[in-house]
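A.B. asks: Sharing start_5.cif below, mmCIF, C-alpha atoms:
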```cif
data_upload
#
loop_
_atom_site.label_atom_id
_atom_site.label_comp_id
_atom_site.auth_asym_id
_atom_site.auth_seq_id
_atom_site.Cartn_x
_atom_site.Cartn_y
_atom_site.Cartn_z
CA MET A 121 -124.36 -30.68 46.85
CA GLY A 122 -127.68 -32.51 47.31
CA THR A 123 -130.40 -31.58 49.76
CA ASN A 124 -129.49 -34.32 52.23
CA SER A 125 -125.81 -33.41 52.08
CA SER A 126 -126.62 -29.76 52.75
CA LYS A 127 -128.77 -30.74 55.71
CA ASP A 128 -126.04 -32.98 57.13
CA TYR A 129 -123.52 -30.17 56.67
CA GLU A 130 -125.68 -27.71 58.61
CA GLN A 131 -126.31 -30.23 61.37
CA THR A 132 -122.57 -30.69 61.94
CA LYS A 133 -121.91 -26.97 62.32
CA GLU A 134 -121.38 -25.56 65.80
CA LYS A 135 -124.51 -23.83 67.07
CA PRO A 136 -124.64 -20.92 69.53
CA LEU A 137 -125.77 -21.57 73.08
CA SER A 138 -129.37 -20.48 73.60
CA ASN A 139 -129.10 -19.28 77.20
CA VAL A 140 -126.76 -16.35 76.50
CA THR A 141 -126.44 -13.46 74.05
CA ALA A 142 -123.05 -14.51 72.69
CA THR A 143 -121.04 -17.70 72.26
CA LEU A 144 -117.26 -17.38 72.08
CA TYR A 145 -115.14 -20.10 70.49
CA TYR A 146 -111.50 -20.21 71.45
CA LEU A 147 -108.66 -22.30 72.80
CA PRO A 148 -108.32 -23.16 76.52
CA GLY A 149 -106.46 -20.05 77.67
CA ARG A 150 -106.08 -16.30 77.33
CA GLY A 151 -104.53 -15.67 73.93
CA ILE A 152 -105.89 -13.04 71.58
CA ALA A 153 -109.47 -13.75 72.69
CA ASP A 154 -108.84 -12.35 76.16
CA PRO A 155 -109.63 -8.69 75.35
CA ILE A 156 -112.87 -9.94 73.79
CA ARG A 157 -113.83 -11.53 77.10
CA TRP A 158 -113.08 -8.31 78.98
CA LEU A 159 -115.13 -6.25 76.56
CA LEU A 160 -118.10 -8.60 76.71
CA ALA A 161 -117.96 -8.40 80.50
CA VAL A 162 -117.76 -4.59 80.65
CA GLY A 163 -120.47 -4.30 77.99
CA GLU A 164 -122.65 -6.59 80.13
CA ILE A 165 -123.22 -8.91 77.19
CA THR A 166 -123.91 -12.35 78.58
CA PHE A 167 -121.68 -14.99 77.03
CA GLU A 168 -120.46 -18.52 77.37
CA GLN A 169 -117.53 -20.26 75.79
CA LYS A 170 -117.15 -23.33 73.65
CA ILE A 171 -113.56 -24.31 74.29
CA ILE A 172 -111.83 -25.99 71.36
CA SER A 173 -109.61 -28.46 73.19
CA THR A 174 -108.77 -31.06 70.52
CA ARG A 175 -107.14 -30.85 67.12
CA GLU A 176 -110.00 -32.82 65.54
CA ARG A 177 -112.57 -30.30 66.69
CA PHE A 178 -110.38 -27.38 65.62
CA LEU A 179 -109.93 -28.79 62.12
CA LYS A 180 -113.65 -29.46 61.76
CA LEU A 181 -114.53 -25.93 62.90
CA SER A 182 -111.82 -24.45 60.69
CA GLU A 183 -113.18 -26.26 57.66
CA ARG A 184 -116.83 -25.46 58.22
CA GLN A 185 -117.08 -22.10 59.98
CA LEU A 186 -113.78 -20.25 60.35
CA VAL A 187 -113.57 -18.10 57.24
CA PHE A 188 -109.80 -17.65 57.57
CA GLY A 189 -109.11 -20.85 59.47
CA GLN A 190 -108.38 -19.03 62.71
CA LEU A 191 -109.92 -18.59 66.14
CA PRO A 192 -111.56 -16.78 67.87
CA MET A 193 -115.10 -16.83 66.54
CA LEU A 194 -118.09 -15.10 68.12
CA GLN A 195 -121.71 -16.03 67.47
CA ILE A 196 -123.97 -13.10 68.30
CA ASP A 197 -127.10 -11.50 66.85
CA ASN A 198 -127.55 -14.45 64.46
CA ILE A 199 -124.18 -13.86 62.82
CA GLU A 200 -120.73 -15.42 63.08
CA ILE A 201 -117.75 -13.08 63.37
CA VAL A 202 -114.10 -14.01 63.05
CA GLN A 203 -110.85 -12.01 63.34
CA SER A 204 -110.29 -10.77 66.87
CA TYR A 205 -110.29 -7.02 66.32
CA THR A 206 -113.32 -7.17 64.03
CA ILE A 207 -115.08 -8.92 66.91
CA ILE A 208 -113.82 -6.27 69.34
CA ARG A 209 -115.11 -3.38 67.24
CA TYR A 210 -118.49 -5.05 66.79
CA ILE A 211 -118.88 -5.51 70.54
CA ALA A 212 -117.71 -1.95 71.22
CA LYS A 213 -120.33 -0.52 68.86
CA ARG A 214 -123.05 -2.82 70.15
CA ALA A 215 -122.33 -1.89 73.77
CA ASN A 216 -121.98 1.84 72.97
CA LEU A 217 -118.34 1.91 74.06
CA ILE A 218 -116.97 3.90 71.12
CA GLY A 219 -117.32 7.38 72.61
CA ASP A 220 -119.59 10.21 71.54
CA GLY A 221 -119.22 10.91 67.87
CA PRO A 222 -116.83 10.10 65.00
CA LEU A 223 -113.82 11.91 66.52
CA ASP A 224 -114.08 9.95 69.78
CA GLU A 225 -114.41 6.72 67.82
CA LEU A 226 -111.30 7.58 65.82
CA LYS A 227 -109.32 8.30 68.98
CA CYS A 228 -110.45 5.00 70.48
CA ASP A 229 -109.38 3.14 67.35
CA MET A 230 -105.91 4.69 67.42
CA ILE A 231 -105.36 3.76 71.06
CA VAL A 232 -106.64 0.23 70.55
CA GLU A 233 -104.34 -0.24 67.56
CA ALA A 234 -101.38 0.61 69.78
CA VAL A 235 -102.57 -1.71 72.55
CA ARG A 236 -102.98 -4.53 70.03
CA GLU A 237 -99.20 -4.80 69.78
CA LEU A 238 -98.93 -5.14 73.56
CA VAL A 239 -101.42 -7.98 73.64
CA SER A 240 -99.71 -9.79 70.78
CA LEU A 241 -96.45 -9.81 72.74
CA ALA A 242 -98.14 -11.00 75.93
CA ALA A 243 -100.01 -13.78 74.13
CA VAL A 244 -96.82 -15.45 72.89
CA ALA A 245 -94.86 -15.05 76.14
CA PRO A 246 -95.66 -18.60 77.38
CA PHE A 247 -94.23 -20.09 74.18
CA HIS A 248 -91.00 -18.13 74.54
CA ARG A 249 -90.70 -19.39 78.11
CA ALA A 250 -91.12 -22.94 76.84
CA ASN A 251 -88.19 -22.35 74.47
CA ASP A 252 -85.98 -20.96 77.26
CA LYS A 253 -86.19 -17.54 75.67
CA GLY A 254 -88.52 -16.13 78.29
CA SER A 255 -86.13 -13.56 79.75
CA ASN A 256 -85.37 -12.03 76.36
CA HIS A 257 -89.05 -11.84 75.50
CA LEU A 258 -89.98 -10.30 78.86
CA GLN A 259 -87.34 -7.64 78.27
CA LEU A 260 -88.92 -6.91 74.90
CA MET A 261 -92.32 -6.66 76.59
CA LYS A 262 -90.90 -4.30 79.20
CA GLU A 263 -89.39 -2.01 76.57
CA LYS A 264 -92.63 -2.00 74.58
CA TRP A 265 -94.63 -1.17 77.70
CA GLN A 266 -92.31 1.66 78.68
CA SER A 267 -92.63 3.32 75.28
CA THR A 268 -96.40 2.81 75.01
CA GLY A 269 -97.36 3.23 78.66
CA ILE A 270 -95.92 6.72 79.04
CA ARG A 271 -97.85 7.84 75.97
CA LEU A 272 -101.07 6.41 77.36
CA GLU A 273 -100.39 8.16 80.67
CA ASN A 274 -99.96 11.44 78.79
CA ILE A 275 -103.25 10.90 76.92
CA LEU A 276 -105.03 10.44 80.25
CA LYS A 277 -103.37 13.57 81.61
CA GLU A 278 -104.37 15.65 78.60
CA ASN A 279 -107.96 14.36 78.54
CA ASN A 280 -108.26 15.10 82.29
CA THR A 281 -111.48 13.13 82.84
CA GLY A 282 -110.09 9.86 84.17
CA TYR A 283 -110.77 8.27 80.78
CA LEU A 284 -108.66 8.02 77.64
CA VAL A 285 -111.35 9.43 75.37
CA GLY A 286 -114.22 11.74 76.31
CA GLY A 287 -115.90 11.60 79.69
CA ARG A 288 -117.06 8.00 80.00
CA ILE A 289 -115.78 4.46 79.59
CA SER A 290 -114.84 3.48 76.06
CA TYR A 291 -113.45 0.30 74.62
CA ALA A 292 -110.05 1.96 74.59
CA ASP A 293 -110.19 2.15 78.40
CA VAL A 294 -111.17 -1.51 78.65
CA LEU A 295 -108.42 -2.78 76.38
CA VAL A 296 -105.77 -0.61 78.02
CA ALA A 297 -106.82 -1.87 81.48
CA HIS A 298 -106.70 -5.41 80.15
CA ALA A 299 -103.21 -5.05 78.69
CA LEU A 300 -101.95 -3.31 81.82
CA THR A 301 -103.27 -6.10 84.05
CA TRP A 302 -101.59 -8.75 81.90
CA TYR A 303 -98.27 -6.87 81.84
CA ILE A 304 -98.27 -6.42 85.61
CA GLU A 305 -98.81 -10.16 85.98
CA GLU A 306 -95.88 -10.87 83.67
CA LEU A 307 -93.49 -8.06 84.65
CA GLY A 308 -94.52 -6.89 88.11
CA SER A 309 -96.13 -3.70 89.39
CA ALA A 310 -92.91 -1.67 89.11
CA ILE A 311 -93.74 -1.01 85.46
CA VAL A 312 -96.49 1.44 86.51
CA GLU A 313 -94.76 3.22 89.38
CA GLN A 314 -94.64 6.45 87.36
CA MET A 315 -98.08 6.01 85.79
CA PRO A 316 -100.70 6.79 88.48
CA LEU A 317 -103.44 7.73 86.02
CA LEU A 318 -103.17 4.37 84.28
CA VAL A 319 -103.35 2.60 87.63
CA ASN A 320 -106.50 4.57 88.49
CA LEU A 321 -108.03 3.60 85.15
CA GLN A 322 -107.20 -0.06 85.70
CA ILE A 323 -108.80 0.02 89.16
CA LEU A 324 -111.90 1.71 87.75
CA ILE A 325 -112.37 -0.98 85.10
CA ILE A 326 -111.67 -4.05 87.22
CA SER A 327 -113.89 -2.69 90.02
CA LEU A 328 -116.98 -2.70 87.81
CA PRO A 329 -119.50 -5.27 89.13
CA SER A 330 -119.61 -7.06 85.79
CA MET A 331 -115.81 -7.29 85.73
CA GLN A 332 -115.69 -8.59 89.28
CA SER A 333 -118.11 -11.35 88.30
CA PHE A 334 -116.01 -12.17 85.26
CA ILE A 335 -112.72 -12.27 87.21
CA LYS A 336 -114.25 -14.72 89.69
CA SER A 337 -115.59 -16.97 86.93
CA ASN A 338 -113.98 -19.84 85.03
CA LYS A 339 -113.75 -17.58 81.97
CA TYR A 340 -110.85 -15.71 83.55
CA TYR A 341 -107.63 -17.57 82.78
CA PRO A 342 -104.20 -17.31 84.42
CA ILE A 343 -101.11 -16.59 82.34
CA GLY A 344 -100.05 -19.64 80.36
CA ASP A 345 -97.71 -22.26 81.80
CA GLU A 346 -95.86 -25.20 80.23
CA ASN A 347 -98.95 -27.41 80.13
CA TYR A 348 -100.85 -24.63 78.37
CA THR A 349 -98.22 -24.29 75.64
CA LYS A 350 -98.15 -28.04 75.03
CA GLN A 351 -101.94 -28.22 74.76
CA ILE A 352 -102.20 -25.27 72.38
CA CYS A 353 -99.43 -26.60 70.14
CA THR A 354 -101.15 -29.99 69.99
CA ILE A 355 -104.48 -28.45 69.04
CA LEU A 356 -102.93 -26.26 66.34
CA GLY A 357 -100.51 -28.92 65.10
CA ARG A 358 -97.41 -26.87 65.83
CA GLN A 359 -94.04 -27.45 67.43
CA ILE A 360 -93.25 -25.63 70.68
#
```
Rewrite the coordinates I just gave you, this time as structure tokens.
C.D. replies:
Amino acid sequence: MGTNSSKDYEQTKEKPLSNVTATLYYLPGRGIADPIRWLLAVGEITFEQKIISTRERFLKLSERQLVFGQLPMLQIDNIEIVQSYTIIRYIAKRANLIGDGPLDELKCDMIVEAVRELVSLAAVAPFHRANDKGSNHLQLMKEKWQSTGIRLENILKENNTGYLVGGRISYADVLVAHALTWYIEELGSAIVEQMPLLVNLQILIISLPSMQSFIKSNKYYPIGDENYTKQICTILGRQI
């Protein structure tokens, strides 16, 4: 590739916004980038979003900057990071939300790995609704929450500090509060009637000033509706 071609290539790449610490690239909705948003907010890392709202822009970004052809992507500290849970771990370390020492970090990782399955189910719920399979999928979500939620409640009880790991907020707390909030929106508050410690943790996280600012901003998306599913499928070139 010649010098001019290389220069043109660099000029067509998406550049981070200069007025914030991080620039998040994702589709117009929650999806698997949503826990990233929560973690950036709790970590008080200023960020803005570049919403990829057309298939043309997605394909161009996929070709030039998405190593595995998938969103989200985060530009931060002069680097570009892809793969959602790689991004999450980077933010957690940067914001000192991994606990105090290797054992705490390991415990956080185990909890987050379990919560990852919850978020994956929630993220595809709008598409199941669009296919008239919403009730079956919500039942699957409910069963998954019941089996995971009671274990998280027990972890909180055993730790006895109000947090899942150690004595201060970790990224495990943030991601559990995020998943719980999403599941209550989809399934109703009855799912936590026997889980008071989880409810307390959720309230603690969403009451943080940085979280309150985030929730009131345009970066906080509602659960996906029919229009959302159509838009996402168009951008990704998929059938509903």
A.B. asks: Determine, counting only C-alpha atoms, which protein, DNA and RNA residues have an atom within 10 Å of an atom of Gly163 of chain A; residues of the same chain fewer than 6 positions away are not included. Present the result as a PDB file with C-alpha atoms, in the coordinates of the input.
C.D. replies:
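Resulting contents of around_33.pdb:
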```
ATOM      1  CA  ARG A 157    -113.830 -11.530  77.100  1.00  0.00           C
ATOM      2  CA  ILE A 211    -118.880  -5.510  70.540  1.00  0.00           C
ATOM      3  CA  ALA A 212    -117.710  -1.950  71.220  1.00  0.00           C
ATOM      4  CA  LYS A 213    -120.330  -0.520  68.860  1.00  0.00           C
ATOM      5  CA  ARG A 214    -123.050  -2.820  70.150  1.00  0.00           C
ATOM      6  CA  ALA A 215    -122.330  -1.890  73.770  1.00  0.00           C
ATOM      7  CA  ASN A 216    -121.980   1.840  72.970  1.00  0.00           C
ATOM      8  CA  LEU A 217    -118.340   1.910  74.060  1.00  0.00           C
ATOM      9  CA  SER A 290    -114.840   3.480  76.060  1.00  0.00           C
ATOM     10  CA  TYR A 291    -113.450   0.300  74.620  1.00  0.00           C
ATOM     11  CA  VAL A 294    -111.170  -1.510  78.650  1.00  0.00           C
ATOM     12  CA  SER A 330    -119.610  -7.060  85.790  1.00  0.00           C
ATOM     13  CA  MET A 331    -115.810  -7.290  85.730  1.00  0.00           C
TER      14      MET A 331
END
```
A.B. asks: Could you tell me, as JSON, numbers by chain, exactly which residues end up selected when the PyMOL selection byres ((chain A and resi 253-270) around 12) is applied to this structure?
C.D. replies: {"A": [231, 232, 233, 234, 235, 236, 237, 238, 239, 240, 241, 242, 243, 244, 245, 246, 247, 248, 249, 250, 251, 252, 271, 272, 273, 274, 275, 276, 277, 296, 297, 299, 300, 301, 302, 303, 304, 305, 306, 307, 308, 309, 310, 311, 312, 313, 314, 315, 316, 317, 318, 319, 345, 346, 360]}
A.B. asks: Counting all atoms listed in the file, figure out which residue out of A:Leu324, A:Leu194, A:Val187, A:Ile152 gets nearest to Lys170 of chain A.
C.D. replies: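 With all atoms listed in the file as the atom set, the closest residue is A:Leu194.
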A.B. asks: Leaving out Tyr348 of chain A and any residue of its chain fewer than 5 positions from it, which residues lie within 9 Å of it when counting only C-alpha atoms, given as a PyMOL selection string?
C.D. replies: chain A and resi 148-149+246+343+353
A.B. asks: Enter the distance from atom CA of Leu223 of chain A to atom CA of Leu159 of chain A, in Å, rounded to one decimal.
C.D. replies: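 The value is 20.8 Å.
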A.B. asks: To one decimal place in Å, what is the distance between atom CA of Ile196 of chain A and atom CA of Glu225 of chain A?
C.D. replies: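 Atom CA of Glu225 of chain A lies at a distance of 22.0 Å from atom CA of Ile196 of chain A.
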A.B. asks: Quick one: apply the PyMOL selection byres ((chain A and resi 140) around 9) to the file and drop the selected residues here as number ranges by chain.
C.D. replies: A: 136-139, 141-143, 165-168
A.B. asks: For Arg184 of chain A, which residue out of A:Val162, A:Tyr146, A:Glu200, A:Gly151 is the nearest one, using all atoms listed in the file?
C.D. replies: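 Residue with the minimum atom-to-atom distance to Arg184 of chain A: A:Glu200.
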A.B. asks: Using Å and a single decimal, report how far atom CA of Gln185 of chain A sits from atom CA of Lys133 of chain A.
C.D. replies: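 These two atoms are separated by 7.2 Å.
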A.B. asks: Nearest to Gly221 of chain A among A:Thr174, A:Asn198, A:Asn280, A:Gly286, with distances taken over all atoms listed in the file: which residue is it?
C.D. replies: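 Comparing A:Thr174, A:Asn198, A:Asn280, A:Gly286 against Gly221 of chain A, the winner is A:Gly286.
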A.B. asks: A:Leu295, A:Ile289, A:Glu176, A:Thr132: which is nearest Met230 of chain A, counting all atoms listed in the file?
C.D. replies: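 Nearest to Met230 of chain A: A:Leu295.
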A.B. asks: For a quick check of understanding, using all atoms listed in the file, which of A:Leu321, A:Leu284, A:Leu356, A:Ile208 has the smallest distance to Asp224 of chain A?
C.D. replies: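 Closest to Asp224 of chain A of all the choices is A:Leu284.
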A.B. asks: Given the choices A:Cys228, A:Ile156, A:Ala292, A:Ile325, which gets closest to Leu144 of chain A if the distance is worked out from only C-alpha atoms?
C.D. replies: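 The answer is A:Ile156, which sits nearest to Leu144 of chain A.
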A.B. asks: Write out as a PyMOL selection string the residues lying within 9 Å of Phe178 of chain A, counting all atoms listed in the file and excluding same-chain residues fewer than 5 positions away.
C.D. replies: chain A and resi 147+172-173+183+191+355-356
A.B. asks: Could you rebuild segment 251-262 of chain A with all heavy atoms and give it back as a PDB file, in the coordinates of the input?
C.D. replies:
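Below you can see rebuild35.pdb, which holds the result:
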```pdb
ATOM      1  N   ASN A 251     -89.402 -22.227  75.282  1.00  0.00           N
ATOM      2  CA  ASN A 251     -88.190 -22.350  74.470  1.00  0.00           C
ATOM      3  C   ASN A 251     -86.963 -21.776  75.157  1.00  0.00           C
ATOM      4  O   ASN A 251     -85.946 -21.527  74.503  1.00  0.00           O
ATOM      5  CB  ASN A 251     -88.387 -21.649  73.120  1.00  0.00           C
ATOM      6  CG  ASN A 251     -89.179 -22.501  72.147  1.00  0.00           C
ATOM      7  OD1 ASN A 251     -88.987 -23.702  72.089  1.00  0.00           O
ATOM      8  ND2 ASN A 251     -90.066 -21.886  71.393  1.00  0.00           N
ATOM      9  N   ASP A 252     -87.085 -21.530  76.478  1.00  0.00           N
ATOM     10  CA  ASP A 252     -85.980 -20.960  77.260  1.00  0.00           C
ATOM     11  C   ASP A 252     -85.537 -19.598  76.745  1.00  0.00           C
ATOM     12  O   ASP A 252     -84.378 -19.211  76.876  1.00  0.00           O
ATOM     13  CB  ASP A 252     -84.768 -21.915  77.285  1.00  0.00           C
ATOM     14  CG  ASP A 252     -85.085 -23.222  77.986  1.00  0.00           C
ATOM     15  OD1 ASP A 252     -85.839 -23.178  78.984  1.00  0.00           O
ATOM     16  OD2 ASP A 252     -84.598 -24.268  77.552  1.00  0.00           O
ATOM     17  N   LYS A 253     -86.476 -18.895  76.139  1.00  0.00           N
ATOM     18  CA  LYS A 253     -86.190 -17.540  75.670  1.00  0.00           C
ATOM     19  C   LYS A 253     -87.063 -16.521  76.404  1.00  0.00           C
ATOM     20  O   LYS A 253     -87.255 -15.410  75.947  1.00  0.00           O
ATOM     21  CB  LYS A 253     -86.429 -17.439  74.163  1.00  0.00           C
ATOM     22  CG  LYS A 253     -85.516 -18.343  73.332  1.00  0.00           C
ATOM     23  CD  LYS A 253     -85.838 -18.243  71.852  1.00  0.00           C
ATOM     24  CE  LYS A 253     -84.948 -19.171  71.029  1.00  0.00           C
ATOM     25  NZ  LYS A 253     -85.281 -19.122  69.573  1.00  0.00           N
ATOM     26  N   GLY A 254     -87.575 -16.956  77.560  1.00  0.00           N
ATOM     27  CA  GLY A 254     -88.520 -16.130  78.290  1.00  0.00           C
ATOM     28  C   GLY A 254     -87.945 -14.806  78.736  1.00  0.00           C
ATOM     29  O   GLY A 254     -88.606 -13.773  78.642  1.00  0.00           O
ATOM     30  N   SER A 255     -86.707 -14.800  79.234  1.00  0.00           N
ATOM     31  CA  SER A 255     -86.130 -13.560  79.750  1.00  0.00           C
ATOM     32  C   SER A 255     -85.956 -12.525  78.658  1.00  0.00           C
ATOM     33  O   SER A 255     -86.204 -11.332  78.864  1.00  0.00           O
ATOM     34  CB  SER A 255     -84.793 -13.836  80.440  1.00  0.00           C
ATOM     35  OG  SER A 255     -83.876 -14.431  79.529  1.00  0.00           O
ATOM     36  N   ASN A 256     -85.526 -12.966  77.491  1.00  0.00           N
ATOM     37  CA  ASN A 256     -85.370 -12.030  76.360  1.00  0.00           C
ATOM     38  C   ASN A 256     -86.712 -11.455  75.941  1.00  0.00           C
ATOM     39  O   ASN A 256     -86.828 -10.263  75.641  1.00  0.00           O
ATOM     40  CB  ASN A 256     -84.720 -12.734  75.172  1.00  0.00           C
ATOM     41  CG  ASN A 256     -83.267 -13.078  75.420  1.00  0.00           C
ATOM     42  OD1 ASN A 256     -82.608 -12.475  76.266  1.00  0.00           O
ATOM     43  ND2 ASN A 256     -82.753 -14.065  74.692  1.00  0.00           N
ATOM     44  N   HIS A 257     -87.730 -12.306  75.928  1.00  0.00           N
ATOM     45  CA  HIS A 257     -89.050 -11.840  75.500  1.00  0.00           C
ATOM     46  C   HIS A 257     -89.650 -10.895  76.533  1.00  0.00           C
ATOM     47  O   HIS A 257     -90.273  -9.885  76.166  1.00  0.00           O
ATOM     48  CB  HIS A 257     -89.992 -13.015  75.266  1.00  0.00           C
ATOM     49  CG  HIS A 257     -91.291 -12.621  74.651  1.00  0.00           C
ATOM     50  ND1 HIS A 257     -91.414 -12.248  73.329  1.00  0.00           N
ATOM     51  CD2 HIS A 257     -92.539 -12.500  75.189  1.00  0.00           C
ATOM     52  CE1 HIS A 257     -92.671 -11.937  73.075  1.00  0.00           C
ATOM     53  NE2 HIS A 257     -93.370 -12.078  74.185  1.00  0.00           N
ATOM     54  N   LEU A 258     -89.462 -11.194  77.814  1.00  0.00           N
ATOM     55  CA  LEU A 258     -89.980 -10.300  78.860  1.00  0.00           C
ATOM     56  C   LEU A 258     -89.301  -8.941  78.789  1.00  0.00           C
ATOM     57  O   LEU A 258     -89.943  -7.918  79.045  1.00  0.00           O
ATOM     58  CB  LEU A 258     -89.785 -10.929  80.233  1.00  0.00           C
ATOM     59  CG  LEU A 258     -90.671 -12.132  80.557  1.00  0.00           C
ATOM     60  CD1 LEU A 258     -90.374 -12.646  81.954  1.00  0.00           C
ATOM     61  CD2 LEU A 258     -92.155 -11.788  80.418  1.00  0.00           C
ATOM     62  N   GLN A 259     -88.028  -8.923  78.433  1.00  0.00           N
ATOM     63  CA  GLN A 259     -87.340  -7.640  78.270  1.00  0.00           C
ATOM     64  C   GLN A 259     -87.941  -6.860  77.106  1.00  0.00           C
ATOM     65  O   GLN A 259     -88.116  -5.634  77.197  1.00  0.00           O
ATOM     66  CB  GLN A 259     -85.846  -7.870  78.037  1.00  0.00           C
ATOM     67  CG  GLN A 259     -85.025  -6.603  77.866  1.00  0.00           C
ATOM     68  CD  GLN A 259     -85.085  -5.678  79.066  1.00  0.00           C
ATOM     69  OE1 GLN A 259     -85.203  -6.137  80.213  1.00  0.00           O
ATOM     70  NE2 GLN A 259     -85.020  -4.372  78.838  1.00  0.00           N
ATOM     71  N   LEU A 260     -88.264  -7.557  76.037  1.00  0.00           N
ATOM     72  CA  LEU A 260     -88.920  -6.910  74.900  1.00  0.00           C
ATOM     73  C   LEU A 260     -90.280  -6.361  75.300  1.00  0.00           C
ATOM     74  O   LEU A 260     -90.642  -5.231  74.928  1.00  0.00           O
ATOM     75  CB  LEU A 260     -89.074  -7.917  73.752  1.00  0.00           C
ATOM     76  CG  LEU A 260     -89.785  -7.417  72.486  1.00  0.00           C
ATOM     77  CD1 LEU A 260     -89.007  -6.264  71.863  1.00  0.00           C
ATOM     78  CD2 LEU A 260     -89.937  -8.556  71.480  1.00  0.00           C
ATOM     79  N   MET A 261     -91.028  -7.123  76.102  1.00  0.00           N
ATOM     80  CA  MET A 261     -92.320  -6.660  76.590  1.00  0.00           C
ATOM     81  C   MET A 261     -92.164  -5.410  77.462  1.00  0.00           C
ATOM     82  O   MET A 261     -92.940  -4.461  77.352  1.00  0.00           O
ATOM     83  CB  MET A 261     -93.020  -7.762  77.383  1.00  0.00           C
ATOM     84  CG  MET A 261     -93.555  -8.908  76.548  1.00  0.00           C
ATOM     85  SD  MET A 261     -94.264 -10.244  77.566  1.00  0.00           S
ATOM     86  CE  MET A 261     -95.610  -9.368  78.388  1.00  0.00           C
ATOM     87  N   LYS A 262     -91.152  -5.428  78.306  1.00  0.00           N
ATOM     88  CA  LYS A 262     -90.900  -4.300  79.200  1.00  0.00           C
ATOM     89  C   LYS A 262     -90.593  -3.034  78.406  1.00  0.00           C
ATOM     90  O   LYS A 262     -91.124  -1.946  78.688  1.00  0.00           O
ATOM     91  CB  LYS A 262     -89.756  -4.618  80.148  1.00  0.00           C
ATOM     92  CG  LYS A 262     -89.490  -3.549  81.193  1.00  0.00           C
ATOM     93  CD  LYS A 262     -88.405  -3.985  82.163  1.00  0.00           C
ATOM     94  CE  LYS A 262     -88.166  -2.915  83.231  1.00  0.00           C
ATOM     95  NZ  LYS A 262     -87.117  -3.338  84.189  1.00  0.00           N
TER      96      LYS A 262
END
```
